[in-house]
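Trainee: Coordinates in start_38.cif, mmCIF, C-alpha atoms and all ligand atoms, are listed below.
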```cif
data_data
loop_
_atom_site.group_PDB
_atom_site.id
_atom_site.type_symbol
_atom_site.label_atom_id
_atom_site.label_comp_id
_atom_site.auth_asym_id
_atom_site.auth_seq_id
_atom_site.Cartn_x
_atom_site.Cartn_y
_atom_site.Cartn_z
ATOM 1 C CA MET Z 120 3.635 11.444 -5.095
ATOM 2 C CA PHE Z 121 2.954 11.824 -8.835
ATOM 3 C CA THR Z 122 1.534 14.990 -10.398
ATOM 4 C CA GLN Z 123 -2.034 15.078 -11.657
ATOM 5 C CA SER Z 124 -0.923 14.775 -15.279
ATOM 6 C CA GLN Z 125 1.393 11.805 -14.527
ATOM 7 C CA SER Z 126 -1.433 9.969 -12.740
ATOM 8 C CA ALA Z 127 -3.930 10.911 -15.461
ATOM 9 C CA LYS Z 128 -1.674 9.347 -18.126
ATOM 10 C CA ILE Z 129 -1.258 6.100 -16.177
ATOM 11 C CA LEU Z 130 -5.004 5.988 -15.581
ATOM 12 C CA SER Z 131 -6.004 6.521 -19.192
ATOM 13 C CA LYS Z 132 -3.632 3.724 -20.303
ATOM 14 C CA ASN Z 133 -5.163 1.288 -17.797
ATOM 15 C CA VAL Z 134 -8.815 2.420 -17.900
ATOM 16 C CA PRO Z 135 -9.567 4.042 -21.260
ATOM 17 C CA ASN Z 136 -13.306 4.430 -20.593
ATOM 18 C CA PHE Z 137 -13.648 5.644 -17.013
ATOM 19 C CA PRO Z 138 -17.043 5.119 -15.286
ATOM 20 C CA GLN Z 139 -19.142 8.150 -14.393
ATOM 21 C CA GLN Z 140 -19.696 6.961 -10.787
ATOM 22 C CA LEU Z 141 -16.939 6.935 -8.209
ATOM 23 C CA LEU Z 142 -17.281 5.343 -4.766
ATOM 24 C CA VAL Z 143 -14.786 6.112 -2.022
ATOM 25 C CA LEU Z 144 -14.847 3.091 0.278
ATOM 26 C CA GLY Z 145 -13.777 4.033 3.779
ATOM 27 C CA THR Z 146 -12.759 1.818 6.673
ATOM 28 C CA GLY Z 147 -14.630 -1.477 6.404
ATOM 29 C CA TRP Z 148 -16.706 -0.555 3.345
ATOM 30 C CA ASN Z 149 -14.640 -2.660 0.890
ATOM 31 C CA GLU Z 150 -16.876 -5.730 1.468
ATOM 32 C CA LEU Z 151 -19.005 -4.157 -1.203
ATOM 33 C CA LEU Z 152 -16.771 -5.607 -3.894
ATOM 34 C CA THR Z 153 -17.073 -9.255 -2.846
ATOM 35 C CA ASP Z 154 -20.135 -9.650 -5.095
ATOM 36 C CA ALA Z 155 -18.898 -7.362 -7.866
ATOM 37 C CA ASN Z 156 -17.559 -8.381 -11.227
ATOM 38 C CA ILE Z 157 -14.035 -6.929 -11.189
ATOM 39 C CA GLU Z 158 -12.600 -5.633 -14.455
ATOM 40 C CA THR Z 159 -9.382 -3.823 -13.433
ATOM 41 C CA GLU Z 160 -7.407 -3.161 -10.248
ATOM 42 C CA ILE Z 161 -4.561 -0.661 -9.926
ATOM 43 C CA ASP Z 162 -2.850 -0.009 -6.621
ATOM 44 C CA TYR Z 163 -2.191 3.534 -5.439
ATOM 45 C CA GLN Z 164 1.569 2.998 -5.587
ATOM 46 C CA GLN Z 165 1.324 2.439 -9.334
ATOM 47 C CA LEU Z 166 -1.301 5.138 -9.943
ATOM 48 C CA PHE Z 167 -0.322 7.924 -7.528
ATOM 49 C CA GLY Z 168 3.182 6.931 -6.399
ATOM 50 C CA VAL Z 169 2.074 6.528 -2.761
ATOM 51 C CA LYS Z 170 0.836 3.774 -0.460
ATOM 52 C CA ALA Z 171 -2.248 3.839 1.808
ATOM 53 C CA THR Z 172 -0.835 3.051 5.248
ATOM 54 C CA VAL Z 173 -3.926 2.481 7.381
ATOM 55 C CA PRO Z 174 -5.129 -0.972 8.572
ATOM 56 C CA GLY Z 175 -8.468 -1.639 6.862
ATOM 57 C CA HIS Z 176 -7.468 0.453 3.812
ATOM 58 C CA GLN Z 177 -6.049 -1.547 0.906
ATOM 59 C CA GLY Z 178 -5.120 1.386 -1.296
ATOM 60 C CA LYS Z 179 -6.275 0.488 -4.785
ATOM 61 C CA LEU Z 180 -8.600 1.626 -7.529
ATOM 62 C CA VAL Z 181 -11.061 -1.030 -8.673
ATOM 63 C CA ILE Z 182 -13.212 -0.817 -11.788
ATOM 64 C CA ALA Z 183 -16.130 -3.189 -11.364
ATOM 65 C CA THR Z 184 -19.696 -3.948 -12.305
ATOM 66 C CA LEU Z 185 -22.063 -4.017 -9.373
ATOM 67 C CA ASN Z 186 -25.779 -4.649 -9.777
ATOM 68 C CA GLN Z 187 -25.385 -4.203 -13.566
ATOM 69 C CA THR Z 188 -23.734 -0.831 -13.034
ATOM 70 C CA ARG Z 189 -20.126 -0.079 -13.961
ATOM 71 C CA VAL Z 190 -18.416 1.916 -11.221
ATOM 72 C CA ALA Z 191 -14.969 2.999 -10.069
ATOM 73 C CA ALA Z 192 -14.208 2.306 -6.424
ATOM 74 C CA MET Z 193 -11.366 3.682 -4.353
ATOM 75 C CA VAL Z 194 -10.675 0.907 -1.870
ATOM 76 C CA GLY Z 195 -9.083 2.952 0.870
ATOM 77 C CA ARG Z 196 -8.171 6.626 0.748
ATOM 78 C CA LEU Z 197 -5.344 8.998 1.637
ATOM 79 C CA HIS Z 198 -5.750 10.776 4.984
ATOM 80 C CA MET Z 199 -4.116 13.947 6.183
ATOM 81 C CA TYR Z 200 -2.993 12.201 9.377
ATOM 82 C CA GLU Z 201 -0.759 9.996 7.179
ATOM 83 C CA GLY Z 202 1.211 13.160 6.431
ATOM 84 C CA PHE Z 203 -0.585 14.357 3.294
ATOM 85 C CA SER Z 204 -1.794 17.939 2.881
ATOM 86 C CA ALA Z 205 -5.489 18.327 2.062
ATOM 87 C CA HIS Z 206 -4.440 19.053 -1.537
ATOM 88 C CA GLN Z 207 -2.324 15.877 -1.749
ATOM 89 C CA ALA Z 208 -4.982 13.720 -0.062
ATOM 90 C CA THR Z 209 -7.453 14.756 -2.772
ATOM 91 C CA LEU Z 210 -5.215 14.130 -5.797
ATOM 92 C CA PRO Z 211 -7.292 11.021 -6.649
ATOM 93 C CA ILE Z 212 -10.465 13.136 -6.838
ATOM 94 C CA ARG Z 213 -8.849 15.579 -9.302
ATOM 95 C CA VAL Z 214 -7.491 12.746 -11.429
ATOM 96 C CA PHE Z 215 -10.829 10.906 -11.555
ATOM 97 C CA ALA Z 216 -12.708 14.162 -12.255
ATOM 98 C CA GLU Z 217 -10.422 14.732 -15.239
ATOM 99 C CA ALA Z 218 -11.204 11.167 -16.370
ATOM 100 C CA GLY Z 219 -14.922 12.025 -16.436
ATOM 101 C CA VAL Z 220 -16.470 11.184 -13.059
ATOM 102 C CA SER Z 221 -19.733 13.077 -12.523
ATOM 103 C CA GLN Z 222 -21.117 11.429 -9.363
ATOM 104 C CA LEU Z 223 -19.277 10.625 -6.154
ATOM 105 C CA LEU Z 224 -20.442 8.608 -3.172
ATOM 106 C CA VAL Z 225 -18.182 8.966 -0.145
ATOM 107 C CA THR Z 226 -18.334 6.417 2.677
ATOM 108 C CA ALA Z 227 -16.608 6.501 6.050
ATOM 109 C CA ALA Z 228 -16.519 5.132 9.554
ATOM 110 C CA SER Z 229 -17.469 7.607 12.255
ATOM 111 C CA GLY Z 230 -17.978 8.135 15.954
ATOM 112 C CA ALA Z 231 -21.431 9.301 17.071
ATOM 113 C CA LEU Z 232 -21.650 12.605 18.947
ATOM 114 C CA ASN Z 233 -25.445 12.777 18.800
ATOM 115 C CA PRO Z 234 -26.769 10.880 21.863
ATOM 116 C CA LYS Z 235 -29.680 9.470 19.825
ATOM 117 C CA TYR Z 236 -27.372 7.619 17.423
ATOM 118 C CA LYS Z 237 -26.452 3.955 17.931
ATOM 119 C CA VAL Z 238 -23.511 1.806 16.841
ATOM 120 C CA GLY Z 239 -24.409 0.324 13.439
ATOM 121 C CA ASP Z 240 -26.551 3.296 12.333
ATOM 122 C CA PHE Z 241 -25.985 4.592 8.804
ATOM 123 C CA VAL Z 242 -25.779 8.377 8.690
ATOM 124 C CA ILE Z 243 -26.749 9.947 5.379
ATOM 125 C CA LEU Z 244 -24.871 13.215 5.580
ATOM 126 C CA ASN Z 245 -26.754 16.470 5.156
ATOM 127 C CA ASP Z 246 -23.901 18.850 5.987
ATOM 128 C CA LEU Z 247 -20.258 19.007 7.079
ATOM 129 C CA LEU Z 248 -18.491 20.864 9.852
ATOM 130 C CA THR Z 249 -15.418 22.022 7.935
ATOM 131 C CA LEU Z 250 -13.983 24.493 10.464
ATOM 132 C CA PHE Z 251 -11.209 22.177 11.621
ATOM 133 C CA LEU Z 252 -9.967 21.625 8.092
ATOM 134 C CA ALA Z 253 -10.066 25.307 7.252
ATOM 135 C CA ILE Z 254 -6.365 26.012 7.737
ATOM 136 C CA ASP Z 255 -5.552 23.490 5.002
ATOM 137 C CA SER Z 256 -8.349 23.358 2.415
ATOM 138 C CA PRO Z 257 -7.757 21.164 -0.658
ATOM 139 C CA LEU Z 258 -8.689 24.217 -2.719
ATOM 140 C CA ARG Z 259 -6.026 26.715 -3.798
ATOM 141 C CA GLY Z 260 -6.338 30.383 -4.670
ATOM 142 C CA PRO Z 261 -9.623 32.200 -5.283
ATOM 143 C CA GLN Z 262 -11.731 29.024 -5.350
ATOM 144 C CA PHE Z 263 -14.701 30.537 -3.492
ATOM 145 C CA LEU Z 264 -16.856 27.413 -3.344
ATOM 146 C CA ASP Z 265 -20.520 27.832 -2.374
ATOM 147 C CA THR Z 266 -21.079 25.279 0.402
ATOM 148 C CA SER Z 267 -24.710 26.117 1.177
ATOM 149 C CA GLN Z 268 -25.778 22.730 -0.196
ATOM 150 C CA LEU Z 269 -22.857 20.349 -0.517
ATOM 151 C CA PHE Z 270 -24.851 17.167 -1.035
ATOM 152 C CA ASP Z 271 -26.961 16.423 -4.086
ATOM 153 C CA VAL Z 272 -30.643 16.327 -3.166
ATOM 154 C CA LYS Z 273 -31.556 13.508 -5.591
ATOM 155 C CA MET Z 274 -28.624 11.275 -4.648
ATOM 156 C CA ARG Z 275 -29.417 11.786 -0.969
ATOM 157 C CA GLN Z 276 -33.059 10.971 -1.587
ATOM 158 C CA ILE Z 277 -32.075 7.684 -3.264
ATOM 159 C CA LEU Z 278 -30.094 6.708 -0.161
ATOM 160 C CA ILE Z 279 -32.949 7.685 2.151
ATOM 161 C CA THR Z 280 -35.515 5.734 0.115
ATOM 162 C CA ILE Z 281 -33.374 2.574 -0.016
ATOM 163 C CA ALA Z 282 -32.484 2.797 3.683
ATOM 164 C CA ALA Z 283 -36.156 3.181 4.622
ATOM 165 C CA LYS Z 284 -37.386 0.417 2.293
ATOM 166 C CA THR Z 285 -34.757 -2.064 3.449
ATOM 167 C CA HIS Z 286 -35.401 -1.185 7.124
ATOM 168 C CA LEU Z 287 -31.856 -0.035 7.809
ATOM 169 C CA SER Z 288 -31.402 1.888 11.002
ATOM 170 C CA PHE Z 289 -30.386 5.286 9.613
ATOM 171 C CA GLN Z 290 -30.033 8.938 10.491
ATOM 172 C CA GLN Z 291 -29.467 12.164 8.614
ATOM 173 C CA GLY Z 292 -26.825 14.381 10.115
ATOM 174 C CA CYS Z 293 -23.716 16.507 10.026
ATOM 175 C CA TYR Z 294 -20.162 15.065 9.929
ATOM 176 C CA ALA Z 295 -17.321 16.950 11.602
ATOM 177 C CA TYR Z 296 -13.755 16.688 10.379
ATOM 178 C CA TYR Z 297 -11.103 15.814 12.964
ATOM 179 C CA HIS Z 298 -7.490 15.628 11.815
ATOM 180 C CA GLY Z 299 -6.302 12.748 14.030
ATOM 181 C CA PRO Z 300 -4.564 10.313 14.154
ATOM 182 C CA ASN Z 301 -5.320 10.559 17.877
ATOM 183 C CA PHE Z 302 -9.007 10.303 18.649
ATOM 184 C CA GLU Z 303 -10.733 13.351 20.143
ATOM 185 C CA THR Z 304 -10.463 14.155 23.855
ATOM 186 C CA PRO Z 305 -13.711 14.331 25.859
ATOM 187 C CA THR Z 306 -13.572 18.139 25.624
ATOM 188 C CA ASP Z 307 -12.995 18.011 21.846
ATOM 189 C CA LYS Z 308 -16.123 15.887 21.558
ATOM 190 C CA ILE Z 309 -18.205 18.284 23.646
ATOM 191 C CA ALA Z 310 -16.920 21.125 21.458
ATOM 192 C CA LEU Z 311 -17.806 19.347 18.185
ATOM 193 C CA ARG Z 312 -21.264 18.445 19.464
ATOM 194 C CA THR Z 313 -21.850 21.997 20.700
ATOM 195 C CA LEU Z 314 -20.899 23.283 17.245
ATOM 196 C CA GLY Z 315 -23.667 21.203 15.666
ATOM 197 C CA ALA Z 316 -22.022 17.952 14.517
ATOM 198 C CA ASP Z 317 -23.741 14.552 14.843
ATOM 199 C CA VAL Z 318 -20.768 12.343 13.930
ATOM 200 C CA VAL Z 319 -16.999 12.782 13.730
ATOM 201 C CA GLY Z 320 -14.337 11.229 11.516
ATOM 202 C CA MET Z 321 -10.914 11.797 9.962
ATOM 203 C CA SER Z 322 -11.777 11.943 6.269
ATOM 204 C CA THR Z 323 -14.621 12.830 3.880
ATOM 205 C CA VAL Z 324 -14.460 16.627 4.204
ATOM 206 C CA PRO Z 325 -11.388 17.245 1.963
ATOM 207 C CA GLU Z 326 -12.791 14.923 -0.736
ATOM 208 C CA VAL Z 327 -16.256 16.469 -0.710
ATOM 209 C CA LEU Z 328 -14.930 20.040 -0.967
ATOM 210 C CA GLN Z 329 -12.574 19.110 -3.803
ATOM 211 C CA ALA Z 330 -15.244 17.187 -5.716
ATOM 212 C CA ARG Z 331 -17.825 19.973 -5.358
ATOM 213 C CA TRP Z 332 -15.322 22.523 -6.650
ATOM 214 C CA LEU Z 333 -14.869 20.347 -9.737
ATOM 215 C CA GLY Z 334 -18.636 20.236 -10.298
ATOM 216 C CA ILE Z 335 -19.091 16.601 -9.261
ATOM 217 C CA LYS Z 336 -22.407 15.724 -7.591
ATOM 218 C CA VAL Z 337 -21.804 14.204 -4.157
ATOM 219 C CA ALA Z 338 -23.575 12.123 -1.518
ATOM 220 C CA ALA Z 339 -22.030 10.608 1.592
ATOM 221 C CA VAL Z 340 -22.828 7.923 4.163
ATOM 222 C CA ALA Z 341 -21.023 7.355 7.442
ATOM 223 C CA LEU Z 342 -21.402 4.189 9.490
ATOM 224 C CA VAL Z 343 -21.432 4.725 13.251
ATOM 225 C CA THR Z 344 -18.719 2.336 14.459
ATOM 226 C CA ASN Z 345 -18.504 3.684 18.006
ATOM 227 C CA LEU Z 346 -20.065 6.166 20.351
ATOM 228 C CA ALA Z 347 -17.573 8.992 20.513
ATOM 229 C CA PHE Z 348 -18.208 9.619 24.215
ATOM 230 C CA VAL Z 349 -17.456 5.984 25.151
ATOM 231 C CA LYS Z 350 -13.860 4.656 25.185
ATOM 232 C CA HIS Z 351 -13.026 3.106 21.783
ATOM 233 C CA ASP Z 352 -10.158 2.051 19.501
ATOM 234 C CA HIS Z 353 -9.425 1.335 15.823
ATOM 235 C CA LYS Z 354 -10.004 -2.443 16.258
ATOM 236 C CA GLU Z 355 -13.546 -1.743 17.385
ATOM 237 C CA VAL Z 356 -14.055 0.514 14.365
ATOM 238 C CA LEU Z 357 -12.992 -2.353 12.062
ATOM 239 C CA MET Z 358 -15.090 -4.928 13.938
ATOM 240 C CA GLU Z 359 -18.278 -2.864 13.786
ATOM 241 C CA SER Z 360 -17.755 -2.182 10.058
ATOM 242 C CA GLU Z 361 -17.420 -5.931 9.444
ATOM 243 C CA LYS Z 362 -20.668 -6.581 11.301
ATOM 244 C CA ALA Z 363 -22.479 -4.049 9.096
ATOM 245 C CA ALA Z 364 -21.018 -5.428 5.846
ATOM 246 C CA ASP Z 365 -24.180 -7.146 4.568
ATOM 247 C CA LYS Z 366 -26.222 -4.014 5.099
ATOM 248 C CA MET Z 367 -23.596 -1.842 3.396
ATOM 249 C CA VAL Z 368 -23.579 -4.125 0.370
ATOM 250 C CA LYS Z 369 -27.373 -3.971 0.133
ATOM 251 C CA LEU Z 370 -27.495 -0.185 0.445
ATOM 252 C CA LEU Z 371 -24.717 0.582 -2.028
ATOM 253 C CA GLY Z 372 -25.666 -2.121 -4.533
ATOM 254 C CA LYS Z 373 -29.125 -0.628 -4.880
ATOM 255 C CA TYR Z 374 -27.801 2.922 -4.745
ATOM 256 C CA VAL Z 375 -25.385 2.631 -7.686
ATOM 257 C CA LYS Z 376 -28.115 1.357 -9.979
ATOM 258 C CA SER Z 377 -30.618 4.105 -9.086
ATOM 259 C CA SER Z 378 -27.963 6.779 -9.152
ATOM 260 C CA ALA Z 379 -26.873 5.755 -12.662
ATOM 261 C CA GLU Z 380 -30.417 6.447 -13.846
ATOM 262 C CA LEU Z 381 -30.371 10.065 -12.599
ATOM 263 C CA LYS Z 382 -30.268 12.760 -15.230
HETATM 264 N N1 LIG T 401 -13.461 9.757 15.933
HETATM 265 C C1 LIG T 401 -12.797 10.037 14.802
HETATM 266 N N2 LIG T 401 -12.762 9.223 13.760
HETATM 267 C C2 LIG T 401 -13.438 8.068 13.842
HETATM 268 C C3 LIG T 401 -14.159 7.716 14.997
HETATM 269 C C4 LIG T 401 -14.169 8.606 16.108
HETATM 270 O O1 LIG T 401 -14.796 8.361 17.159
HETATM 271 N N3 LIG T 401 -14.716 6.502 14.751
HETATM 272 C C5 LIG T 401 -14.356 6.142 13.492
HETATM 273 N N4 LIG T 401 -13.573 7.088 12.931
#
```
In structure tokens, what does this structure look like?
Mentor:
Amino acid sequence: MFTQSQSAKILSKNVPNFPQQLLVLGTGWNELLTDANIETEIDYQQLFGVKATVPGHQGKLVIATLNQTRVAAMVGRLHMYEGFSAHQATLPIRVFAEAGVSQLLVTAASGALNPKYKVGDFVILNDLLTLFLAIDSPLRGPQFLDTSQLFDVKMRQILITIAAKTHLSFQQGCYAYYHGPNFETPTDKIALRTLGADVVGMSTVPEVLQARWLGIKVAAVALVTNLAFVKHDHKEVLMESEKAADKMVKLLGKYVKSSAELK
């Protein structure tokens, strides 16, 4: 894996004027770019010296214009279950922060722990359960981040307004980090639910903590691809994301434009 300064140099050569909005597109969310006007693509091997290894994650940075808004999109991400530390998995966030990103939208697939949630619901995150990442935070040294309000109120409100206006089935809830790659056991799920989480997934938390430490404003949306308490597999996660693709495109297309207008 390259160092931050190596990656930063490669990035500035390829994308001299980096957009202020970054989207992290999780499992299945890459459909978003089918309607976008693509300007540059760089794969993670070239930019970070590593490959994304997960089915459904292409592993490339795309600079594109979507709904008249120029954005950077990470198509696929690095997960800790691929063998990366939390610090390594968040190298892209540090590199893009250095390049000038000021707003981040994180997307992910998730399993619902809250019994009221349904497959296909969009969950606009209002908090994170970080306890199960705590032994390996992306932050190093005395980086005492205030986590009392991780998500930007205005960016969240934009998502809520669009979701309501476009009649998306959506929720607002807390996402718990689970390391994986195995899915949770039934007892793990009961534990996570008892601790206050509404959905569970294997990403998002390292990126959000790292971005907040760097002063980036953050919002996040998880798609419920399965009910955590019902037997499920990765194929089902991919299939449900595909089914929701049109809705994802609508939500994020409108979001990037409104978010760009925020002060
Ligand atoms: N658990 C963990 N990660 C996930 C799940 C799940 O049920 N669904 C999608 N990503």
Trainee: Provide the CA of Gly202 in chain Z to CA of Phe241 in chain Z distance in Å, to one decimal place.
Mentor: 28.6 Å
Trainee: What's the 12 Å shell around Ser124 in chain Z, counting only C-alpha atoms, without same-chain residues fewer than 2 positions away, as a list in words?
Mentor: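 So the residues in contact are Met120, Phe121, Thr122, Ser126, Ala127, Lys128, Ile129, Leu130, Ser131, Leu166, Phe167, Leu210, Pro211, Arg213, Val214, Phe215, Glu217 and Ala218 of chain Z.
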Trainee: So that I have them on file, write out the residues from the current selection with C-alpha atoms, as a short mmCIF file (atom, residue, chain, number, x, y, z; two decimals), keeping the file's coordinate frame.
Mentor:
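After the write, part.cif holds the following:
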```cif
data_model
loop_
_atom_site.label_atom_id
_atom_site.label_comp_id
_atom_site.auth_asym_id
_atom_site.auth_seq_id
_atom_site.Cartn_x
_atom_site.Cartn_y
_atom_site.Cartn_z
CA MET Z 120 3.64 11.44 -5.10
CA PHE Z 121 2.95 11.82 -8.84
CA THR Z 122 1.53 14.99 -10.40
CA SER Z 126 -1.43 9.97 -12.74
CA ALA Z 127 -3.93 10.91 -15.46
CA LYS Z 128 -1.67 9.35 -18.13
CA ILE Z 129 -1.26 6.10 -16.18
CA LEU Z 130 -5.00 5.99 -15.58
CA SER Z 131 -6.00 6.52 -19.19
CA LEU Z 166 -1.30 5.14 -9.94
CA PHE Z 167 -0.32 7.92 -7.53
CA LEU Z 210 -5.22 14.13 -5.80
CA PRO Z 211 -7.29 11.02 -6.65
CA ARG Z 213 -8.85 15.58 -9.30
CA VAL Z 214 -7.49 12.75 -11.43
CA PHE Z 215 -10.83 10.91 -11.56
CA GLU Z 217 -10.42 14.73 -15.24
CA ALA Z 218 -11.20 11.17 -16.37
#
```
Trainee: Quick one: residues within 12 Å of Gly315 in chain Z, all atoms listed in the file, excluding same-chain residues fewer than 4 positions away - as a list in words?
Mentor: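 Residues meeting the cut-off are Leu232, Asn233, Asn245, Asp246, Leu247, Leu248, Thr249, Leu250, Gly292, Cys293, Tyr294, Ala295, Lys308, Ile309, Ala310, Leu311 and Val319 of chain Z.
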Trainee: Find, counting all atoms listed in the file, the residue in Z:Gln262, Z:Thr209, Z:Ser267, Z:Ser229 that gets nearest to ligand LIG 401 (chain T).
Mentor: Z:Ser229
Trainee: Can you work out the spacing between CA of Asp162 in chain Z and CA of Gly178 in chain Z in Å, to one decimal?
Mentor: 6.0 Å
Trainee: Evaluated on this file, the PyMOL selection byres (((chain Z and resi 345) around 6) and not hetatm) picks out some residues - which ones are they, written as JSON, numbers by chain?
Mentor: {"Z": [230, 238, 343, 344, 346, 347]}
Trainee: Restricting the calculation to all atoms listed in the file, which member of Z:Leu278, Z:Met358, Z:Ala231, Z:Leu371 is positioned closest to ligand LIG 401 (chain T)?
Mentor: Z:Ala231
Trainee: Counting all atoms listed in the file, what are the residues of range 195-308 of chain Z within 7 Å of range 134-156 of chain Z, and for each of them which pair of atoms is the nearest and at what distance in Å, to one decimal? Sort the table by chain and rising number, as a Markdown table.
Mentor:
```
| residue | atom | partner | partner_atom | distance |
| --- | --- | --- | --- | --- |
| Z:Gly195 | CA | Z:Gly145 | CA | 5.6 |
| Z:Arg196 | CA | Z:Gly145 | CA | 6.9 |
| Z:Ala218 | CA | Z:Phe137 | CA | 6.1 |
| Z:Gly219 | CA | Z:Gln139 | CA | 6.1 |
| Z:Val220 | CA | Z:Gln139 | CA | 4.3 |
| Z:Ser221 | CA | Z:Gln139 | CA | 5.3 |
| Z:Gln222 | CA | Z:Gln140 | CA | 4.9 |
| Z:Leu223 | CA | Z:Leu141 | CA | 4.8 |
| Z:Leu224 | CA | Z:Leu142 | CA | 4.8 |
| Z:Val225 | CA | Z:Val143 | CA | 4.8 |
| Z:Thr226 | CA | Z:Gly145 | CA | 5.3 |
| Z:Ala227 | CA | Z:Gly145 | CA | 4.4 |
| Z:Ala228 | CA | Z:Thr146 | CA | 5.8 |
```
Trainee: Each side padded by 8 Å, which centre and which edge lengths in Å (one decimal) define the axis-aligned box around the listed atoms of ligand LIG 401 (chain T)? Give them as lines of an AutoDock Vina configuration file.
Mentor:
```
center_x = -13.8
center_y = 8.1
center_z = 15.0
size_x = 18.0
size_y = 19.9
size_z = 20.2
```
